Structures are given as C-alpha cells and as structure tokens.
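Next up, query.pdb (PDB, C-alpha atoms):
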ATOM      1  CA  MET A  24       0.000   0.000   0.000  1.00  0.00           C
ATOM      2  CA  LEU A  25       1.238   3.474  -0.888  1.00  0.00           C
ATOM      3  CA  LYS A  26       0.430   6.811   0.713  1.00  0.00           C
ATOM      4  CA  THR A  27       0.097   9.895  -1.458  1.00  0.00           C
ATOM      5  CA  LYS A  28       2.566  11.806   0.733  1.00  0.00           C
ATOM      6  CA  ASP A  29       5.213   9.128   0.100  1.00  0.00           C
ATOM      7  CA  VAL A  30       4.848   9.364  -3.702  1.00  0.00           C
ATOM      8  CA  ILE A  31       4.523  13.135  -4.225  1.00  0.00           C
ATOM      9  CA  GLY A  32       7.986  14.640  -4.588  1.00  0.00           C
ATOM     10  CA  LEU A  33       9.699  11.448  -5.770  1.00  0.00           C
ATOM     11  CA  PRO A  34      11.996  11.731  -8.799  1.00  0.00           C
ATOM     12  CA  VAL A  35      10.818  10.022 -11.998  1.00  0.00           C
ATOM     13  CA  ILE A  36      13.637   7.979 -13.550  1.00  0.00           C
ATOM     14  CA  ASN A  37      13.747   6.555 -17.090  1.00  0.00           C
ATOM     15  CA  LEU A  38      15.026   2.971 -16.828  1.00  0.00           C
ATOM     16  CA  ASN A  39      16.329   3.037 -20.420  1.00  0.00           C
ATOM     17  CA  ASP A  40      18.920   5.778 -19.864  1.00  0.00           C
ATOM     18  CA  GLY A  41      18.979   6.387 -16.102  1.00  0.00           C
ATOM     19  CA  LYS A  42      17.974  10.046 -16.471  1.00  0.00           C
ATOM     20  CA  GLN A  43      15.615  11.860 -14.150  1.00  0.00           C
ATOM     21  CA  ILE A  44      12.850  13.299 -16.287  1.00  0.00           C
ATOM     22  CA  GLY A  45      10.991  15.103 -13.516  1.00  0.00           C
ATOM     23  CA  LYS A  46       9.386  14.815 -10.092  1.00  0.00           C
ATOM     24  CA  VAL A  47       5.921  13.682  -9.079  1.00  0.00           C
ATOM     25  CA  LYS A  48       3.895  16.828  -8.404  1.00  0.00           C
ATOM     26  CA  ASP A  49       0.483  15.254  -7.772  1.00  0.00           C
ATOM     27  CA  ILE A  50      -1.615  12.120  -8.223  1.00  0.00           C
ATOM     28  CA  LEU A  51      -4.894  12.130 -10.154  1.00  0.00           C
ATOM     29  CA  PHE A  52      -7.708   9.871  -8.984  1.00  0.00           C
ATOM     30  CA  ASP A  53     -10.827   8.859 -10.887  1.00  0.00           C
ATOM     31  CA  ASN A  54     -13.767   9.377  -8.532  1.00  0.00           C
ATOM     32  CA  ILE A  55     -15.894   6.783 -10.342  1.00  0.00           C
ATOM     33  CA  SER A  56     -13.452   3.854 -10.524  1.00  0.00           C
ATOM     34  CA  ARG A  57     -11.728   5.097  -7.339  1.00  0.00           C
ATOM     35  CA  LYS A  58      -8.302   4.489  -8.799  1.00  0.00           C
ATOM     36  CA  ALA A  59      -5.113   6.470  -9.206  1.00  0.00           C
ATOM     37  CA  VAL A  60      -5.031   6.988 -12.977  1.00  0.00           C
ATOM     38  CA  ALA A  61      -2.098   9.342 -13.575  1.00  0.00           C
ATOM     39  CA  LEU A  62       0.873  11.059 -11.998  1.00  0.00           C
ATOM     40  CA  GLU A  63       1.254  14.772 -12.614  1.00  0.00           C
ATOM     41  CA  MET A  64       4.922  15.396 -13.214  1.00  0.00           C
ATOM     42  CA  ALA A  65       6.882  18.635 -12.981  1.00  0.00           C
ATOM     43  CA  GLU A  66       9.881  18.671 -15.262  1.00  0.00           C
ATOM     44  CA  LYS A  67      12.596  21.239 -15.721  1.00  0.00           C
ATOM     45  CA  ALA A  68      12.184  22.989 -19.067  1.00  0.00           C
ATOM     46  CA  GLY A  69      14.783  25.710 -18.704  1.00  0.00           C
ATOM     47  CA  LEU A  70      16.874  27.552 -16.167  1.00  0.00           C
ATOM     48  CA  PHE A  71      13.922  28.836 -14.122  1.00  0.00           C
ATOM     49  CA  LYS A  72      10.965  27.386 -15.995  1.00  0.00           C
ATOM     50  CA  LYS A  73       9.134  24.149 -15.306  1.00  0.00           C
ATOM     51  CA  SER A  74       6.605  22.359 -17.458  1.00  0.00           C
ATOM     52  CA  GLU A  75       4.023  19.814 -16.409  1.00  0.00           C
ATOM     53  CA  SER A  76       2.997  16.559 -18.003  1.00  0.00           C
ATOM     54  CA  PHE A  77       1.071  13.458 -17.034  1.00  0.00           C
ATOM     55  CA  LEU A  78       2.116   9.829 -16.850  1.00  0.00           C
ATOM     56  CA  LYS A  79      -0.663   7.272 -16.955  1.00  0.00           C
ATOM     57  CA  MET A  80      -0.350   4.650 -14.239  1.00  0.00           C
ATOM     58  CA  GLU A  81       0.086   1.999 -16.967  1.00  0.00           C
ATOM     59  CA  GLN A  82       3.339   3.738 -17.970  1.00  0.00           C
ATOM     60  CA  VAL A  83       4.800   3.456 -14.474  1.00  0.00           C
ATOM     61  CA  HIS A  84       7.109   0.461 -14.087  1.00  0.00           C
ATOM     62  CA  SER A  85       7.464   0.749 -10.312  1.00  0.00           C
ATOM     63  CA  ILE A  86       6.978   3.085  -7.366  1.00  0.00           C
ATOM     64  CA  GLY A  87       9.690   2.635  -4.766  1.00  0.00           C
ATOM     65  CA  LYS A  88      10.544   4.495  -1.586  1.00  0.00           C
ATOM     66  CA  ASP A  89      13.192   6.568  -3.402  1.00  0.00           C
ATOM     67  CA  ALA A  90      11.944   6.921  -6.999  1.00  0.00           C
ATOM     68  CA  VAL A  91       9.264   6.254  -9.585  1.00  0.00           C
ATOM     69  CA  THR A  92      10.611   4.308 -12.557  1.00  0.00           C
ATOM     70  CA  ILE A  93       9.281   4.221 -16.103  1.00  0.00           C
ATOM     71  CA  GLU A  94      10.296   2.472 -19.313  1.00  0.00           C
ATOM     72  CA  ASP A  95       8.133   4.378 -21.779  1.00  0.00           C
ATOM     73  CA  LEU A  96       9.025   8.058 -21.978  1.00  0.00           C
ATOM     74  CA  GLU A  97       5.857   9.032 -23.862  1.00  0.00           C
ATOM     75  CA  GLN A  98       4.147  11.707 -21.778  1.00  0.00           C
ATOM     76  CA  ASN A  99       0.791  13.344 -22.126  1.00  0.00           C
ATOM     77  CA  ASN A 100       0.755  17.119 -21.699  1.00  0.00           C
ATOM     78  CA  ASP A 101      -3.033  17.372 -21.800  1.00  0.00           C
ATOM     79  CA  THR A 102      -4.531  17.875 -18.377  1.00  0.00           C
ATOM     80  CA  PRO A 103      -7.405  15.447 -17.827  1.00  0.00           C
ATOM     81  CA  THR A 104      -9.802  18.324 -17.062  1.00  0.00           C
ATOM     82  CA  ASP A 105     -12.538  16.048 -15.746  1.00  0.00           C
ATOM     83  CA  LEU A 106     -10.152  14.840 -13.030  1.00  0.00           C
ATOM     84  CA  THR A 107      -8.572  18.104 -11.850  1.00  0.00           C
ATOM     85  CA  ASP A 108     -10.957  18.231  -8.874  1.00  0.00           C
ATOM     86  CA  PHE A 109      -9.703  14.811  -7.834  1.00  0.00           C
ATOM     87  CA  LYS A 110      -5.987  15.427  -7.516  1.00  0.00           C
ATOM     88  CA  ALA A 111      -4.495  14.304  -4.209  1.00  0.00           C
ATOM     89  CA  SER A 112      -3.683  17.947  -3.435  1.00  0.00           C
ATOM     90  CA  THR A 113      -7.339  18.968  -3.780  1.00  0.00           C
ATOM     91  CA  LEU A 114      -8.784  15.886  -2.046  1.00  0.00           C
ATOM     92  CA  ILE A 115      -6.586  16.278   1.024  1.00  0.00           C
ATOM     93  CA  GLY A 116      -8.325  18.688   3.387  1.00  0.00           C
ATOM     94  CA  ARG A 117     -11.792  18.035   1.952  1.00  0.00           C
ATOM     95  CA  ASN A 118     -14.567  17.455   4.527  1.00  0.00           C
ATOM     96  CA  ILE A 119     -15.646  13.892   5.280  1.00  0.00           C
ATOM     97  CA  LEU A 120     -19.384  13.775   6.004  1.00  0.00           C
ATOM     98  CA  GLN A 121     -21.586  10.941   7.147  1.00  0.00           C
ATOM     99  CA  GLU A 122     -24.908  10.414   5.373  1.00  0.00           C
ATOM    100  CA  ASN A 123     -26.633  11.965   8.407  1.00  0.00           C
ATOM    101  CA  GLY A 124     -24.828  15.260   7.731  1.00  0.00           C
ATOM    102  CA  SER A 125     -22.305  15.152  10.567  1.00  0.00           C
ATOM    103  CA  THR A 126     -18.673  15.940   9.790  1.00  0.00           C
ATOM    104  CA  ILE A 127     -16.222  13.332  11.054  1.00  0.00           C
ATOM    105  CA  GLY A 128     -13.089  15.157   9.925  1.00  0.00           C
ATOM    106  CA  LYS A 129     -11.083  15.998   6.840  1.00  0.00           C
ATOM    107  CA  VAL A 130      -9.220  13.856   4.323  1.00  0.00           C
ATOM    108  CA  GLY A 131      -5.671  13.565   5.617  1.00  0.00           C
ATOM    109  CA  GLU A 132      -4.094  10.989   3.324  1.00  0.00           C
ATOM    110  CA  ILE A 133      -5.104   8.659   0.501  1.00  0.00           C
ATOM    111  CA  ASN A 134      -3.798   5.101   0.537  1.00  0.00           C
ATOM    112  CA  PHE A 135      -3.730   3.176  -2.744  1.00  0.00           C
ATOM    113  CA  SER A 136      -2.320  -0.006  -4.247  1.00  0.00           C
ATOM    114  CA  PHE A 137       0.192  -0.365  -7.059  1.00  0.00           C
ATOM    115  CA  PRO A 138       0.087  -1.381  -9.889  1.00  0.00           C
ATOM    116  CA  GLU A 139      -3.732  -1.477  -9.782  1.00  0.00           C
ATOM    117  CA  GLY A 140      -3.985   2.081  -8.467  1.00  0.00           C
ATOM    118  CA  ALA A 141      -7.054   1.126  -6.423  1.00  0.00           C
ATOM    119  CA  MET A 142      -7.874   3.363  -3.468  1.00  0.00           C
ATOM    120  CA  VAL A 143      -7.656   1.309  -0.288  1.00  0.00           C
ATOM    121  CA  SER A 144      -8.552   3.846   2.404  1.00  0.00           C
ATOM    122  CA  ILE A 145      -8.371   7.472   3.443  1.00  0.00           C
ATOM    123  CA  SER A 146      -7.107   8.774   6.746  1.00  0.00           C
ATOM    124  CA  ILE A 147      -9.287  11.133   8.743  1.00  0.00           C
ATOM    125  CA  ASN A 148      -7.684  14.224  10.214  1.00  0.00           C
ATOM    126  CA  ASP A 149      -9.327  15.787  13.231  1.00  0.00           C
ATOM    127  CA  ALA A 150      -9.170  19.460  12.349  1.00  0.00           C
ATOM    128  CA  LYS A 151     -11.447  20.486  15.258  1.00  0.00           C
ATOM    129  CA  ASN A 152      -9.470  19.152  18.209  1.00  0.00           C
ATOM    130  CA  SER A 153      -5.892  19.427  17.047  1.00  0.00           C
ATOM    131  CA  LEU A 154      -3.899  22.484  16.074  1.00  0.00           C
ATOM    132  CA  PHE A 155      -2.077  20.444  13.445  1.00  0.00           C
ATOM    133  CA  GLY A 156      -5.023  18.244  12.414  1.00  0.00           C
ATOM    134  CA  GLY A 157      -3.791  14.982  13.922  1.00  0.00           C
ATOM    135  CA  GLU A 158      -4.896  11.671  12.442  1.00  0.00           C
ATOM    136  CA  LYS A 159      -8.197  10.494  13.875  1.00  0.00           C
ATOM    137  CA  GLY A 160      -8.626   7.175  12.077  1.00  0.00           C
ATOM    138  CA  MET A 161      -9.128   5.496   8.731  1.00  0.00           C
ATOM    139  CA  VAL A 162     -12.083   4.928   6.433  1.00  0.00           C
ATOM    140  CA  ASP A 163     -11.895   1.850   4.212  1.00  0.00           C
ATOM    141  CA  LEU A 164     -12.992   2.170   0.602  1.00  0.00           C
ATOM    142  CA  ASP A 165     -16.123   0.052   1.121  1.00  0.00           C
ATOM    143  CA  LYS A 166     -17.401   2.596   3.671  1.00  0.00           C
ATOM    144  CA  ILE A 167     -17.149   5.510   1.204  1.00  0.00           C
ATOM    145  CA  ARG A 168     -20.417   6.276  -0.546  1.00  0.00           C
ATOM    146  CA  ALA A 169     -19.241   9.128  -2.794  1.00  0.00           C
ATOM    147  CA  ILE A 170     -16.212  11.257  -3.531  1.00  0.00           C
ATOM    148  CA  GLY A 171     -17.481  14.640  -4.621  1.00  0.00           C
ATOM    149  CA  LYS A 172     -16.024  18.020  -5.504  1.00  0.00           C
ATOM    150  CA  ASP A 173     -16.942  19.453  -2.117  1.00  0.00           C
ATOM    151  CA  ALA A 174     -17.003  16.497   0.277  1.00  0.00           C
ATOM    152  CA  VAL A 175     -16.361  12.803   0.728  1.00  0.00           C
ATOM    153  CA  ILE A 176     -19.544  11.049   1.858  1.00  0.00           C
ATOM    154  CA  VAL A 177     -19.300   7.953   4.061  1.00  0.00           C
ATOM    155  CA  TYR A 178     -22.010   5.619   5.277  1.00  0.00           C
ATOM    156  CA  ASN A 179     -23.288   6.292   8.804  1.00  0.00           C
ATOM    157  CA  GLN A 180     -21.153   4.570  11.397  1.00  0.00           C
TER     158      GLN A 180
END
Can you present the structure in this file as structure tokens?
Amino acid sequence: MLKTKDVIGLPVINLNDGKQIGKVKDILFDNISRKAVALEMAEKAGLFKKSESFLKMEQVHSIGKDAVTIEDLEQNNDTPTDLTDFKASTLIGRNILQENGSTIGKVGEINFSFPEGAMVSISINDAKNSLFGGEKGMVDLDKIRAIGKDAVIVYNQ
C-alpha cells in the first residue's frame, strides 16, 4: 500500500537511460473507478521554468521508496480536465461527512495499491481538536459512498 505523501515529490527515472525526467507533483484519482489513474509530473524545461505533463499509471514500471521508474518516456501534456478536482492535493483537506450530515473530519491521506492504483482507504484528520489536524482514524474504501467536488460522503457509522 502506498500513501500519497510518500509518492509526491519522488523523482521520476527513465530505466532506459537512467535520467531523471521530472518529479511527481500530484496524483490524479478517478472518482468513479476510485483508482489512481495518472501522476502529474513537474519537469525542468529551462533555467527557471518548469513544465508539467502526465504519466498514466500503466506507464509506471514501479513506485519505490526513493523513486518512480518508467520504461516508456511518452508523456501526455493534456490535463485530464474532468479529473482536476480529484488530484491528491485537492482531495486532502476536503470534509468527510456521514450520510446523516455530521462531519467526522477531513481527508488527511489517501492510501492506494500499485500497480492497480485502487484506493484502499483514506485517513481522517481531526481538524477540530488538534492544532495540526492529527490523524483520527481510517475509512476503508467500502465505507465511502461518494467522492465529490466538495465532500467525501461515508455511510453512517
């Protein structure tokens, strides 16, 4: 199981020539299939300029603790606009509501599998009782009813 915080910031290395082609900037999730579908990558384009591209999860050879490795260098520069609301960076901090309307916390972390990309669980941060939003617990995928633009809805507990 991988945590989004452990993947974001990792260098992306091409296995064919050993060159770093960028760093993972974000992870895009599909809210319907509930899978990680692409890595947003920041790559150096010039002295002070960076460009962004996307690697589909199928292009990723491996995700290790120190790097993401790929064999196929073909990148997609088109932002999947229908998924921009479901980047890890926009999901983290989103309210988690029960069906009865009570807030149980905020999304703290997203845990997913590789190579499938399937979401496994999300951690709940307790933003009300902790200055730094300490972790309050976990919600397994089967307890999540919907992942929306404004909130994650879970079944009543």
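Between CA of Ile133 in chain A and CA of Val91 in chain A lies a distance of 17.7 Å.
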Starting from the PyMOL selection byres ((chain A and resi 87) around 12), expand the selection into actual residues of this file and give them as number ranges by chain. A: 24-26, 29-31, 33-36, 83-86, 88-93, 137-138
Expansion of the PyMOL selection byres ((chain A and resi 62) around 8) into residues, as a VMD selection string: chain A and resid 47 to 51 60 to 61 63 to 64 77 to 80
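For the structure shown here, the set of residues caught by the PyMOL selection byres ((chain A and resi 129) around 7) is A:Gly116, A:Arg117, A:Asn118, A:Ile119, A:Gly128, A:Val130, A:Gly131, A:Ile147, A:Asn148, A:Asp149, A:Ala150.
The coordinates place CA of Asn37 in chain A at 27.9 Å from CA of Thr113 in chain A.
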Among A:Glu132, A:Asp53, A:Glu122, A:Glu81, Gln180 in chain A is approached most closely, using only C-alpha atoms, by A:Glu122
Shell of 10 Å around Asn54 in chain A, only C-alpha atoms, local chain residues under 6 positions omitted, as a compact mmCIF listing (two decimals) with C-alpha atoms, in the coordinates of the input:
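Saved result, part04.txt, follows:
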# COMPACT_ATOMS: atom_id res chain seq x y z
CA ASP A 105 -12.54 16.05 -15.75
CA LEU A 106 -10.15 14.84 -13.03
CA ASP A 108 -10.96 18.23 -8.87
CA PHE A 109 -9.70 14.81 -7.83
CA LYS A 110 -5.99 15.43 -7.52
CA MET A 142 -7.87 3.36 -3.47
CA ALA A 169 -19.24 9.13 -2.79
CA ILE A 170 -16.21 11.26 -3.53
CA GLY A 171 -17.48 14.64 -4.62
CA LYS A 172 -16.02 18.02 -5.50
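The coordinates place CA of Ser136 in chain A at 24.4 Å from CA of Asp173 in chain A.
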